[in-house]
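What follows is the content of my_file.cif (mmCIF, N, CA and C atoms).
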```
data_protein
#
loop_
_atom_site.label_atom_id
_atom_site.label_comp_id
_atom_site.auth_asym_id
_atom_site.auth_seq_id
_atom_site.Cartn_x
_atom_site.Cartn_y
_atom_site.Cartn_z
N MET A 1 -10.59 -55.29 92.37
CA MET A 1 -10.57 -53.94 91.85
C MET A 1 -11.99 -53.41 91.72
N SER A 2 -12.85 -54.09 90.91
CA SER A 2 -14.24 -53.63 90.83
C SER A 2 -15.14 -54.77 90.36
N THR A 3 -16.40 -54.70 90.78
CA THR A 3 -17.41 -55.67 90.39
C THR A 3 -18.61 -54.90 89.86
N GLN A 4 -19.13 -55.36 88.72
CA GLN A 4 -20.28 -54.68 88.13
C GLN A 4 -20.93 -55.60 87.11
N GLU A 5 -22.25 -55.64 87.11
CA GLU A 5 -23.04 -56.35 86.11
C GLU A 5 -22.50 -57.74 85.79
N GLY A 6 -22.27 -58.55 86.82
CA GLY A 6 -21.86 -59.93 86.60
C GLY A 6 -20.42 -60.13 86.20
N THR A 7 -19.59 -59.09 86.34
CA THR A 7 -18.17 -59.22 86.03
C THR A 7 -17.34 -58.63 87.16
N THR A 8 -16.15 -59.19 87.32
CA THR A 8 -15.18 -58.67 88.28
C THR A 8 -13.90 -58.36 87.52
N LEU A 9 -13.36 -57.17 87.71
CA LEU A 9 -12.10 -56.77 87.09
C LEU A 9 -11.03 -56.68 88.17
N SER A 10 -9.83 -57.17 87.84
CA SER A 10 -8.71 -57.06 88.76
C SER A 10 -7.42 -57.09 87.95
N LEU A 11 -6.34 -56.66 88.59
CA LEU A 11 -5.02 -56.81 87.98
C LEU A 11 -4.47 -58.16 88.38
N SER A 12 -3.71 -58.78 87.50
CA SER A 12 -3.03 -60.02 87.86
C SER A 12 -2.08 -59.74 89.01
N GLN A 13 -1.68 -60.78 89.73
CA GLN A 13 -0.80 -60.59 90.88
C GLN A 13 0.49 -59.89 90.50
N ASP A 14 1.00 -60.18 89.30
CA ASP A 14 2.26 -59.55 88.88
C ASP A 14 2.03 -58.24 88.11
N GLY A 15 0.75 -57.83 87.97
CA GLY A 15 0.43 -56.56 87.32
C GLY A 15 0.63 -56.54 85.82
N GLN A 16 0.72 -57.72 85.19
CA GLN A 16 0.99 -57.76 83.75
C GLN A 16 -0.27 -57.73 82.89
N TRP A 17 -1.43 -58.00 83.45
CA TRP A 17 -2.66 -57.96 82.67
C TRP A 17 -3.85 -57.64 83.56
N VAL A 18 -4.93 -57.24 82.90
CA VAL A 18 -6.22 -57.03 83.55
C VAL A 18 -7.00 -58.33 83.39
N GLU A 19 -7.54 -58.81 84.49
CA GLU A 19 -8.34 -60.03 84.44
C GLU A 19 -9.81 -59.68 84.62
N VAL A 20 -10.63 -60.25 83.75
CA VAL A 20 -12.08 -60.06 83.80
C VAL A 20 -12.70 -61.42 84.04
N LYS A 21 -13.38 -61.56 85.16
CA LYS A 21 -14.09 -62.80 85.50
C LYS A 21 -15.56 -62.57 85.23
N MET A 22 -16.10 -63.30 84.26
CA MET A 22 -17.52 -63.17 83.93
C MET A 22 -18.28 -64.30 84.62
N ARG A 23 -19.39 -63.92 85.30
CA ARG A 23 -20.16 -64.89 86.05
C ARG A 23 -21.56 -65.11 85.49
N GLU A 24 -21.89 -64.42 84.41
CA GLU A 24 -23.19 -64.59 83.76
C GLU A 24 -22.95 -64.91 82.29
N ASN A 25 -23.84 -65.68 81.70
CA ASN A 25 -23.67 -66.04 80.30
C ASN A 25 -23.37 -64.82 79.45
N ALA A 26 -22.51 -65.03 78.48
CA ALA A 26 -22.02 -63.94 77.63
C ALA A 26 -23.11 -63.50 76.66
N ARG A 27 -23.41 -62.22 76.71
CA ARG A 27 -24.31 -61.56 75.77
C ARG A 27 -23.53 -60.38 75.20
N PRO A 28 -23.84 -59.94 73.99
CA PRO A 28 -23.08 -58.84 73.39
C PRO A 28 -22.97 -57.60 74.26
N ASP A 29 -24.08 -57.20 74.90
CA ASP A 29 -24.03 -55.99 75.72
C ASP A 29 -23.12 -56.17 76.92
N ARG A 30 -23.18 -57.33 77.57
CA ARG A 30 -22.31 -57.59 78.72
C ARG A 30 -20.85 -57.64 78.30
N CYS A 31 -20.59 -58.32 77.18
CA CYS A 31 -19.21 -58.47 76.69
C CYS A 31 -18.62 -57.11 76.31
N SER A 32 -19.39 -56.31 75.60
CA SER A 32 -18.89 -55.00 75.17
C SER A 32 -18.60 -54.11 76.37
N LEU A 33 -19.48 -54.13 77.36
CA LEU A 33 -19.27 -53.32 78.56
C LEU A 33 -18.03 -53.80 79.32
N ALA A 34 -17.91 -55.11 79.51
CA ALA A 34 -16.76 -55.66 80.22
C ALA A 34 -15.47 -55.35 79.48
N TYR A 35 -15.50 -55.46 78.15
CA TYR A 35 -14.32 -55.19 77.35
C TYR A 35 -13.91 -53.72 77.46
N SER A 36 -14.87 -52.83 77.37
CA SER A 36 -14.59 -51.40 77.49
C SER A 36 -14.00 -51.07 78.85
N ARG A 37 -14.57 -51.64 79.90
CA ARG A 37 -14.05 -51.40 81.25
C ARG A 37 -12.63 -51.95 81.39
N ALA A 38 -12.38 -53.13 80.84
CA ALA A 38 -11.04 -53.74 80.93
C ALA A 38 -10.01 -52.89 80.19
N VAL A 39 -10.37 -52.39 79.03
CA VAL A 39 -9.46 -51.55 78.25
C VAL A 39 -9.16 -50.27 79.03
N SER A 40 -10.16 -49.68 79.65
CA SER A 40 -9.96 -48.47 80.43
C SER A 40 -8.96 -48.71 81.57
N VAL A 41 -9.12 -49.80 82.29
CA VAL A 41 -8.21 -50.14 83.39
C VAL A 41 -6.81 -50.42 82.84
N ALA A 42 -6.73 -51.15 81.73
CA ALA A 42 -5.43 -51.46 81.14
C ALA A 42 -4.69 -50.17 80.74
N ARG A 43 -5.41 -49.25 80.16
CA ARG A 43 -4.79 -47.98 79.76
C ARG A 43 -4.28 -47.21 80.98
N GLU A 44 -5.06 -47.22 82.05
CA GLU A 44 -4.64 -46.54 83.28
C GLU A 44 -3.31 -47.09 83.81
N HIS A 45 -3.11 -48.40 83.63
CA HIS A 45 -1.92 -49.07 84.16
C HIS A 45 -0.84 -49.30 83.10
N HIS A 46 -1.07 -48.77 81.91
CA HIS A 46 -0.08 -48.86 80.82
C HIS A 46 0.29 -50.31 80.49
N ILE A 47 -0.74 -51.15 80.42
CA ILE A 47 -0.52 -52.55 80.03
C ILE A 47 -1.41 -52.87 78.84
N LYS A 48 -1.01 -53.87 78.06
CA LYS A 48 -1.75 -54.24 76.85
C LYS A 48 -2.06 -55.73 76.82
N ARG A 49 -2.45 -56.24 77.98
CA ARG A 49 -2.80 -57.64 78.07
C ARG A 49 -4.08 -57.78 78.89
N LEU A 50 -5.00 -58.62 78.37
CA LEU A 50 -6.27 -58.86 79.03
C LEU A 50 -6.51 -60.36 79.12
N LEU A 51 -7.07 -60.80 80.25
CA LEU A 51 -7.46 -62.20 80.41
C LEU A 51 -8.94 -62.22 80.76
N PHE A 52 -9.74 -62.82 79.90
CA PHE A 52 -11.17 -62.98 80.15
C PHE A 52 -11.41 -64.41 80.61
N ASP A 53 -11.83 -64.57 81.87
CA ASP A 53 -12.14 -65.88 82.40
C ASP A 53 -13.61 -66.18 82.11
N LEU A 54 -13.81 -66.99 81.10
CA LEU A 54 -15.15 -67.39 80.65
C LEU A 54 -15.43 -68.84 80.99
N SER A 55 -14.59 -69.41 81.87
CA SER A 55 -14.61 -70.85 82.11
C SER A 55 -15.88 -71.35 82.80
N SER A 56 -16.60 -70.48 83.47
CA SER A 56 -17.80 -70.94 84.18
C SER A 56 -19.10 -70.48 83.51
N ILE A 57 -18.99 -69.94 82.30
CA ILE A 57 -20.19 -69.47 81.61
C ILE A 57 -20.25 -70.04 80.20
N GLY A 58 -21.42 -69.97 79.63
CA GLY A 58 -21.62 -70.34 78.23
C GLY A 58 -22.03 -69.10 77.46
N ARG A 59 -22.46 -69.32 76.25
CA ARG A 59 -22.96 -68.22 75.41
C ARG A 59 -24.42 -68.53 75.12
N ASP A 60 -25.25 -67.51 75.19
CA ASP A 60 -26.65 -67.69 74.81
C ASP A 60 -27.05 -66.67 73.75
N ASP A 61 -26.05 -66.35 72.90
CA ASP A 61 -26.31 -65.42 71.80
C ASP A 61 -26.03 -66.11 70.47
N THR A 62 -26.46 -65.49 69.41
CA THR A 62 -26.27 -66.06 68.07
C THR A 62 -24.92 -65.61 67.51
N GLN A 63 -24.50 -66.24 66.43
CA GLN A 63 -23.27 -65.81 65.77
C GLN A 63 -23.40 -64.38 65.25
N ALA A 64 -24.58 -64.01 64.78
CA ALA A 64 -24.79 -62.64 64.31
C ALA A 64 -24.61 -61.64 65.46
N GLU A 65 -25.09 -62.00 66.64
CA GLU A 65 -24.92 -61.13 67.81
C GLU A 65 -23.45 -61.06 68.23
N GLN A 66 -22.74 -62.18 68.12
CA GLN A 66 -21.31 -62.19 68.44
C GLN A 66 -20.54 -61.31 67.46
N PHE A 67 -20.90 -61.38 66.19
CA PHE A 67 -20.25 -60.54 65.19
C PHE A 67 -20.50 -59.06 65.50
N LYS A 68 -21.73 -58.74 65.91
CA LYS A 68 -22.06 -57.36 66.28
C LYS A 68 -21.23 -56.92 67.48
N ALA A 69 -21.01 -57.82 68.43
CA ALA A 69 -20.19 -57.49 69.60
C ALA A 69 -18.76 -57.16 69.19
N VAL A 70 -18.23 -57.89 68.22
CA VAL A 70 -16.88 -57.60 67.72
C VAL A 70 -16.86 -56.21 67.08
N GLN A 71 -17.90 -55.87 66.33
CA GLN A 71 -17.98 -54.54 65.74
C GLN A 71 -18.02 -53.46 66.81
N GLN A 72 -18.76 -53.71 67.90
CA GLN A 72 -18.82 -52.75 69.00
C GLN A 72 -17.46 -52.61 69.67
N ILE A 73 -16.77 -53.72 69.86
CA ILE A 73 -15.43 -53.69 70.44
C ILE A 73 -14.50 -52.89 69.53
N ASN A 74 -14.64 -53.08 68.23
CA ASN A 74 -13.83 -52.35 67.26
C ASN A 74 -14.00 -50.84 67.43
N GLN A 75 -15.19 -50.41 67.80
CA GLN A 75 -15.48 -48.99 67.97
C GLN A 75 -14.82 -48.39 69.21
N THR A 76 -14.33 -49.23 70.13
CA THR A 76 -13.65 -48.71 71.32
C THR A 76 -12.29 -48.14 70.96
N GLY A 77 -11.81 -48.42 69.73
CA GLY A 77 -10.50 -47.93 69.32
C GLY A 77 -9.37 -48.71 69.96
N LEU A 78 -9.64 -49.93 70.38
CA LEU A 78 -8.62 -50.75 71.02
C LEU A 78 -7.44 -50.96 70.08
N ASP A 79 -6.28 -50.68 70.58
CA ASP A 79 -5.04 -50.94 69.86
C ASP A 79 -4.95 -52.45 69.61
N LYS A 80 -4.83 -52.82 68.38
CA LYS A 80 -4.85 -54.25 68.04
C LYS A 80 -3.57 -54.98 68.44
N SER A 81 -2.64 -54.26 69.06
CA SER A 81 -1.46 -54.93 69.58
C SER A 81 -1.70 -55.52 70.98
N TYR A 82 -2.88 -55.26 71.56
CA TYR A 82 -3.24 -55.89 72.83
C TYR A 82 -3.26 -57.40 72.65
N ARG A 83 -2.82 -58.12 73.68
CA ARG A 83 -2.95 -59.58 73.71
C ARG A 83 -4.16 -59.88 74.59
N VAL A 84 -5.10 -60.65 74.05
CA VAL A 84 -6.32 -60.97 74.78
C VAL A 84 -6.45 -62.48 74.83
N ALA A 85 -6.42 -63.02 76.06
CA ALA A 85 -6.59 -64.45 76.27
C ALA A 85 -7.98 -64.71 76.83
N GLY A 86 -8.62 -65.72 76.31
CA GLY A 86 -9.90 -66.16 76.85
C GLY A 86 -9.71 -67.51 77.50
N LEU A 87 -10.11 -67.63 78.75
CA LEU A 87 -10.04 -68.90 79.47
C LEU A 87 -11.43 -69.52 79.41
N ILE A 88 -11.52 -70.70 78.82
CA ILE A 88 -12.81 -71.37 78.61
C ILE A 88 -12.79 -72.74 79.28
N ALA A 89 -13.97 -73.31 79.46
CA ALA A 89 -14.08 -74.65 80.04
C ALA A 89 -13.51 -75.67 79.06
N SER A 90 -12.89 -76.69 79.61
CA SER A 90 -12.32 -77.76 78.79
C SER A 90 -13.40 -78.38 77.91
N GLY A 91 -13.12 -78.49 76.62
CA GLY A 91 -14.06 -79.09 75.68
C GLY A 91 -15.13 -78.15 75.16
N SER A 92 -15.15 -76.93 75.64
CA SER A 92 -16.16 -75.97 75.22
C SER A 92 -15.87 -75.47 73.80
N THR A 93 -16.94 -75.36 73.02
CA THR A 93 -16.85 -74.74 71.68
C THR A 93 -17.74 -73.50 71.59
N ASP A 94 -18.30 -73.10 72.73
CA ASP A 94 -19.24 -71.97 72.77
C ASP A 94 -18.64 -70.67 72.25
N HIS A 95 -17.34 -70.51 72.42
CA HIS A 95 -16.70 -69.23 72.11
C HIS A 95 -15.88 -69.27 70.83
N ASP A 96 -15.93 -70.36 70.09
CA ASP A 96 -15.10 -70.51 68.89
C ASP A 96 -15.38 -69.43 67.84
N PHE A 97 -16.65 -69.16 67.57
CA PHE A 97 -16.97 -68.17 66.55
C PHE A 97 -16.48 -66.79 66.96
N LEU A 98 -16.68 -66.43 68.23
CA LEU A 98 -16.23 -65.12 68.71
C LEU A 98 -14.72 -64.99 68.55
N CYS A 99 -13.97 -66.01 68.90
CA CYS A 99 -12.52 -65.98 68.76
C CYS A 99 -12.13 -65.77 67.29
N MET A 100 -12.75 -66.52 66.40
CA MET A 100 -12.45 -66.41 64.98
C MET A 100 -12.81 -65.01 64.45
N ALA A 101 -13.96 -64.48 64.87
CA ALA A 101 -14.39 -63.15 64.41
C ALA A 101 -13.42 -62.07 64.90
N MET A 102 -12.93 -62.21 66.13
CA MET A 102 -11.98 -61.23 66.65
C MET A 102 -10.64 -61.32 65.91
N GLN A 103 -10.20 -62.55 65.65
CA GLN A 103 -8.95 -62.72 64.91
C GLN A 103 -9.10 -62.16 63.49
N ASP A 104 -10.24 -62.42 62.86
CA ASP A 104 -10.48 -61.89 61.51
C ASP A 104 -10.50 -60.37 61.49
N ALA A 105 -10.91 -59.75 62.61
CA ALA A 105 -10.93 -58.29 62.71
C ALA A 105 -9.55 -57.72 63.04
N GLY A 106 -8.56 -58.61 63.22
CA GLY A 106 -7.19 -58.15 63.44
C GLY A 106 -6.73 -58.15 64.89
N TYR A 107 -7.55 -58.69 65.79
CA TYR A 107 -7.16 -58.72 67.20
C TYR A 107 -6.27 -59.92 67.49
N ASN A 108 -5.37 -59.73 68.44
CA ASN A 108 -4.44 -60.77 68.87
C ASN A 108 -5.10 -61.53 70.02
N VAL A 109 -5.94 -62.50 69.67
CA VAL A 109 -6.78 -63.21 70.63
C VAL A 109 -6.53 -64.71 70.52
N GLN A 110 -6.45 -65.36 71.65
CA GLN A 110 -6.38 -66.82 71.72
C GLN A 110 -7.25 -67.28 72.88
N PHE A 111 -7.88 -68.44 72.72
CA PHE A 111 -8.67 -69.02 73.80
C PHE A 111 -7.97 -70.28 74.29
N PHE A 112 -8.05 -70.52 75.60
CA PHE A 112 -7.36 -71.63 76.24
C PHE A 112 -8.27 -72.31 77.24
N ALA A 113 -8.11 -73.63 77.38
CA ALA A 113 -8.83 -74.37 78.41
C ALA A 113 -7.96 -74.52 79.66
N ASN A 114 -6.68 -74.17 79.57
CA ASN A 114 -5.74 -74.31 80.67
C ASN A 114 -5.23 -72.92 81.07
N ARG A 115 -5.44 -72.57 82.32
CA ARG A 115 -5.05 -71.23 82.79
C ARG A 115 -3.54 -71.00 82.65
N GLY A 116 -2.74 -71.99 82.97
CA GLY A 116 -1.29 -71.85 82.85
C GLY A 116 -0.87 -71.53 81.43
N ASN A 117 -1.50 -72.16 80.45
CA ASN A 117 -1.19 -71.87 79.04
C ASN A 117 -1.60 -70.46 78.66
N ALA A 118 -2.75 -70.02 79.17
CA ALA A 118 -3.22 -68.66 78.88
C ALA A 118 -2.25 -67.63 79.47
N GLU A 119 -1.83 -67.85 80.70
CA GLU A 119 -0.91 -66.92 81.35
C GLU A 119 0.44 -66.91 80.64
N GLU A 120 0.93 -68.07 80.25
CA GLU A 120 2.21 -68.15 79.52
C GLU A 120 2.12 -67.38 78.21
N TRP A 121 1.02 -67.53 77.49
CA TRP A 121 0.83 -66.82 76.22
C TRP A 121 0.78 -65.31 76.46
N LEU A 122 0.09 -64.88 77.50
CA LEU A 122 0.01 -63.45 77.80
C LEU A 122 1.38 -62.87 78.11
N ARG A 123 2.22 -63.64 78.76
CA ARG A 123 3.56 -63.15 79.10
C ARG A 123 4.50 -63.12 77.91
N GLY A 124 4.17 -63.88 76.86
CA GLY A 124 5.03 -64.02 75.69
C GLY A 124 5.20 -62.78 74.87
#
```
Show me the file's structure as structure tokens.
Amino acid sequence: MSTQEGTTLSLSQDGQWVEVKMRENARPDRCSLAYSRAVSVAREHHIKRLLFDLSSIGRDDTQAEQFKAVQQINQTGLDKSYRVAGLIASGSTDHDFLCMAMQDAGYNVQFFANRGNAEEWLRG
């Protein structure tokens, strides 16, 4: 669908979610931009499911920066009924704080090390 600033956005094969593949380490500005773009595409297609593939990247930001990113995402006005799955590398804990901060902000977010589990949860 589109590639920009180290991310690729596409619709899943069955059209049930927007998939964001990030190829550069997660920074608040990159994450906020990717999230905003994903929400825009999801709204165009009348879907409320997002899959962020973070499995090949780490985080090089602080917890304070991650918290700020959640605040920026909150400002997008995202309907908190969206289901957001994060696909991470097996054994990774890099994204744990971000997941917790998003859940605390009321977002329906889960992170998975197994793509099949993430897709099953998104379909649920």
Would you kindly translate the PyMOL selection byres ((chain A and resi 90) around 8) into the concrete residues it picks from this file, as a PDB file with N, CA and C atoms, in the coordinates of the input?
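This went into result-v7.pdb:
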```pdb
ATOM      1  N   SER A  55     -14.590 -69.410  81.870  1.00  0.00           N
ATOM      2  CA  SER A  55     -14.610 -70.850  82.110  1.00  0.00           C
ATOM      3  C   SER A  55     -15.880 -71.350  82.800  1.00  0.00           C
ATOM      4  N   LEU A  87     -10.110 -67.630  78.750  1.00  0.00           N
ATOM      5  CA  LEU A  87     -10.040 -68.900  79.470  1.00  0.00           C
ATOM      6  C   LEU A  87     -11.430 -69.520  79.410  1.00  0.00           C
ATOM      7  N   ILE A  88     -11.520 -70.700  78.820  1.00  0.00           N
ATOM      8  CA  ILE A  88     -12.810 -71.370  78.610  1.00  0.00           C
ATOM      9  C   ILE A  88     -12.790 -72.740  79.280  1.00  0.00           C
ATOM     10  N   ALA A  89     -13.970 -73.310  79.460  1.00  0.00           N
ATOM     11  CA  ALA A  89     -14.080 -74.650  80.040  1.00  0.00           C
ATOM     12  C   ALA A  89     -13.510 -75.670  79.060  1.00  0.00           C
ATOM     13  N   GLY A  91     -13.120 -78.490  76.620  1.00  0.00           N
ATOM     14  CA  GLY A  91     -14.060 -79.090  75.680  1.00  0.00           C
ATOM     15  C   GLY A  91     -15.130 -78.150  75.160  1.00  0.00           C
ATOM     16  N   SER A  92     -15.150 -76.930  75.640  1.00  0.00           N
ATOM     17  CA  SER A  92     -16.160 -75.970  75.220  1.00  0.00           C
ATOM     18  C   SER A  92     -15.870 -75.470  73.800  1.00  0.00           C
ATOM     19  N   THR A  93     -16.940 -75.360  73.020  1.00  0.00           N
ATOM     20  CA  THR A  93     -16.850 -74.740  71.680  1.00  0.00           C
ATOM     21  C   THR A  93     -17.740 -73.500  71.590  1.00  0.00           C
ATOM     22  N   PHE A 112      -8.050 -70.520  75.600  1.00  0.00           N
ATOM     23  CA  PHE A 112      -7.360 -71.630  76.240  1.00  0.00           C
ATOM     24  C   PHE A 112      -8.270 -72.310  77.240  1.00  0.00           C
ATOM     25  N   ALA A 113      -8.110 -73.630  77.380  1.00  0.00           N
ATOM     26  CA  ALA A 113      -8.830 -74.370  78.410  1.00  0.00           C
ATOM     27  C   ALA A 113      -7.960 -74.520  79.660  1.00  0.00           C
ATOM     28  N   ASN A 114      -6.680 -74.170  79.570  1.00  0.00           N
ATOM     29  CA  ASN A 114      -5.740 -74.310  80.670  1.00  0.00           C
ATOM     30  C   ASN A 114      -5.230 -72.920  81.070  1.00  0.00           C
TER      31      ASN A 114
END
```
On this file, the PyMOL selection byres ((chain A and resi 107) around 8) gives some set of residues; write that set as a list in words. Asp79, Lys80, Ser81, Tyr82, Arg83, Val84, Ala101, Met102, Gln103, Asp104, Ala105, Gly106, Asn108, Val109 and Gln110 of chain A
In chain A, what's helix (DSSP H, G or I) per DSSP? Answer as a CSV table (one decimal) with N, CA and C atoms, keeping the file's coordinate frame?
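Writing the result to states.csv gives the following:
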```csv
chain,number,residue,atom,x,y,z
A,28,PRO,N,-23.8,-59.9,74.0
A,28,PRO,CA,-23.1,-58.8,73.4
A,28,PRO,C,-23.0,-57.6,74.3
A,29,ASP,N,-24.1,-57.2,74.9
A,29,ASP,CA,-24.0,-56.0,75.7
A,29,ASP,C,-23.1,-56.2,76.9
A,30,ARG,N,-23.2,-57.3,77.6
A,30,ARG,CA,-22.3,-57.6,78.7
A,30,ARG,C,-20.8,-57.6,78.3
A,31,CYS,N,-20.6,-58.3,77.2
A,31,CYS,CA,-19.2,-58.5,76.7
A,31,CYS,C,-18.6,-57.1,76.3
A,32,SER,N,-19.4,-56.3,75.6
A,32,SER,CA,-18.9,-55.0,75.2
A,32,SER,C,-18.6,-54.1,76.4
A,33,LEU,N,-19.5,-54.1,77.4
A,33,LEU,CA,-19.3,-53.3,78.6
A,33,LEU,C,-18.0,-53.8,79.3
A,34,ALA,N,-17.9,-55.1,79.5
A,34,ALA,CA,-16.8,-55.7,80.2
A,34,ALA,C,-15.5,-55.4,79.5
A,35,TYR,N,-15.5,-55.5,78.2
A,35,TYR,CA,-14.3,-55.2,77.4
A,35,TYR,C,-13.9,-53.7,77.5
A,36,SER,N,-14.9,-52.8,77.4
A,36,SER,CA,-14.6,-51.4,77.5
A,36,SER,C,-14.0,-51.1,78.8
A,37,ARG,N,-14.6,-51.6,79.9
A,37,ARG,CA,-14.0,-51.4,81.2
A,37,ARG,C,-12.6,-52.0,81.4
A,38,ALA,N,-12.4,-53.1,80.8
A,38,ALA,CA,-11.0,-53.7,80.9
A,38,ALA,C,-10.0,-52.9,80.2
A,39,VAL,N,-10.4,-52.4,79.0
A,39,VAL,CA,-9.5,-51.6,78.2
A,39,VAL,C,-9.2,-50.3,79.0
A,40,SER,N,-10.2,-49.7,79.6
A,40,SER,CA,-10.0,-48.5,80.4
A,40,SER,C,-9.0,-48.7,81.6
A,41,VAL,N,-9.1,-49.8,82.3
A,41,VAL,CA,-8.2,-50.1,83.4
A,41,VAL,C,-6.8,-50.4,82.8
A,42,ALA,N,-6.7,-51.2,81.7
A,42,ALA,CA,-5.4,-51.5,81.1
A,42,ALA,C,-4.7,-50.2,80.7
A,43,ARG,N,-5.4,-49.2,80.2
A,43,ARG,CA,-4.8,-48.0,79.8
A,43,ARG,C,-4.3,-47.2,81.0
A,44,GLU,N,-5.1,-47.2,82.0
A,44,GLU,CA,-4.6,-46.5,83.3
A,44,GLU,C,-3.3,-47.1,83.8
A,63,GLN,N,-24.5,-66.2,66.4
A,63,GLN,CA,-23.3,-65.8,65.8
A,63,GLN,C,-23.4,-64.4,65.2
A,64,ALA,N,-24.6,-64.0,64.8
A,64,ALA,CA,-24.8,-62.6,64.3
A,64,ALA,C,-24.6,-61.6,65.5
A,65,GLU,N,-25.1,-62.0,66.6
A,65,GLU,CA,-24.9,-61.1,67.8
A,65,GLU,C,-23.4,-61.1,68.2
A,66,GLN,N,-22.7,-62.2,68.1
A,66,GLN,CA,-21.3,-62.2,68.4
A,66,GLN,C,-20.5,-61.3,67.5
A,67,PHE,N,-20.9,-61.4,66.2
A,67,PHE,CA,-20.2,-60.5,65.2
A,67,PHE,C,-20.5,-59.1,65.5
A,68,LYS,N,-21.7,-58.7,65.9
A,68,LYS,CA,-22.1,-57.4,66.3
A,68,LYS,C,-21.2,-56.9,67.5
A,69,ALA,N,-21.0,-57.8,68.4
A,69,ALA,CA,-20.2,-57.5,69.6
A,69,ALA,C,-18.8,-57.2,69.2
A,70,VAL,N,-18.2,-57.9,68.2
A,70,VAL,CA,-16.9,-57.6,67.7
A,70,VAL,C,-16.9,-56.2,67.1
A,71,GLN,N,-17.9,-55.9,66.3
A,71,GLN,CA,-18.0,-54.5,65.7
A,71,GLN,C,-18.0,-53.5,66.8
A,72,GLN,N,-18.8,-53.7,67.9
A,72,GLN,CA,-18.8,-52.8,69.0
A,72,GLN,C,-17.5,-52.6,69.7
A,73,ILE,N,-16.8,-53.7,69.9
A,73,ILE,CA,-15.4,-53.7,70.4
A,73,ILE,C,-14.5,-52.9,69.5
A,74,ASN,N,-14.6,-53.1,68.2
A,74,ASN,CA,-13.8,-52.4,67.3
A,74,ASN,C,-14.0,-50.8,67.4
A,96,ASP,N,-15.9,-70.4,70.1
A,96,ASP,CA,-15.1,-70.5,68.9
A,96,ASP,C,-15.4,-69.4,67.8
A,97,PHE,N,-16.6,-69.2,67.6
A,97,PHE,CA,-17.0,-68.2,66.6
A,97,PHE,C,-16.5,-66.8,67.0
A,98,LEU,N,-16.7,-66.4,68.2
A,98,LEU,CA,-16.2,-65.1,68.7
A,98,LEU,C,-14.7,-65.0,68.6
A,99,CYS,N,-14.0,-66.0,68.9
A,99,CYS,CA,-12.5,-66.0,68.8
A,99,CYS,C,-12.1,-65.8,67.3
A,100,MET,N,-12.8,-66.5,66.4
A,100,MET,CA,-12.4,-66.4,65.0
A,100,MET,C,-12.8,-65.0,64.4
A,101,ALA,N,-14.0,-64.5,64.9
A,101,ALA,CA,-14.4,-63.2,64.4
A,101,ALA,C,-13.4,-62.1,64.9
A,102,MET,N,-12.9,-62.2,66.1
A,102,MET,CA,-12.0,-61.2,66.6
A,102,MET,C,-10.6,-61.3,65.9
A,103,GLN,N,-10.2,-62.6,65.6
A,103,GLN,CA,-9.0,-62.7,64.9
A,103,GLN,C,-9.1,-62.2,63.5
A,104,ASP,N,-10.2,-62.4,62.9
A,104,ASP,CA,-10.5,-61.9,61.5
A,104,ASP,C,-10.5,-60.4,61.5
A,115,ARG,N,-5.4,-72.6,82.3
A,115,ARG,CA,-5.0,-71.2,82.8
A,115,ARG,C,-3.5,-71.0,82.6
A,116,GLY,N,-2.7,-72.0,83.0
A,116,GLY,CA,-1.3,-71.8,82.8
A,116,GLY,C,-0.9,-71.5,81.4
A,117,ASN,N,-1.5,-72.2,80.4
A,117,ASN,CA,-1.2,-71.9,79.0
A,117,ASN,C,-1.6,-70.5,78.7
A,118,ALA,N,-2.8,-70.0,79.2
A,118,ALA,CA,-3.2,-68.7,78.9
A,118,ALA,C,-2.2,-67.6,79.5
A,119,GLU,N,-1.8,-67.8,80.7
A,119,GLU,CA,-0.9,-66.9,81.4
A,119,GLU,C,0.4,-66.9,80.6
A,120,GLU,N,0.9,-68.1,80.2
A,120,GLU,CA,2.2,-68.2,79.5
A,120,GLU,C,2.1,-67.4,78.2
A,121,TRP,N,1.0,-67.5,77.5
A,121,TRP,CA,0.8,-66.8,76.2
A,121,TRP,C,0.8,-65.3,76.5
A,122,LEU,N,0.1,-64.9,77.5
A,122,LEU,CA,0.0,-63.4,77.8
A,122,LEU,C,1.4,-62.9,78.1
A,123,ARG,N,2.2,-63.6,78.8
A,123,ARG,CA,3.6,-63.2,79.1
A,123,ARG,C,4.5,-63.1,77.9
```
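The spacing separating atom N of Gln63 of chain A from atom C of Thr76 of chain A amounts to 22.3 Å.
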Between atom C of Gln72 of chain A and atom N of Leu9 of chain A, what is the distance, to one decimal in Å? 19.1 Å
Extract, using only C-alpha atoms, all DNA, RNA and protein residues at most 10 Å from Val39 of chain A, discarding same-chain residues fewer than 4 positions from it, and format them as number ranges by chain. A: 18, 33-35, 43-45, 47-50, 76-79, 82
Report the residues of chain A whose backbone DSSP state falls under strand (DSSP E or B), written as a PyMOL selection string. chain A and resi 2-4+7-11+18-22+26+49-53+59+83-87+108-112
Students should find that atom N of Ile73 of chain A and atom N of Asn117 of chain A are spaced 26.2 Å
Can you pull out the residues contacting Met22 of chain A? Cut-off 8 Å, using all atoms listed in the file, and skip same-chain residues under 6 positions away; I want them as a ChimeraX atom specification. /A:5-9,52-57
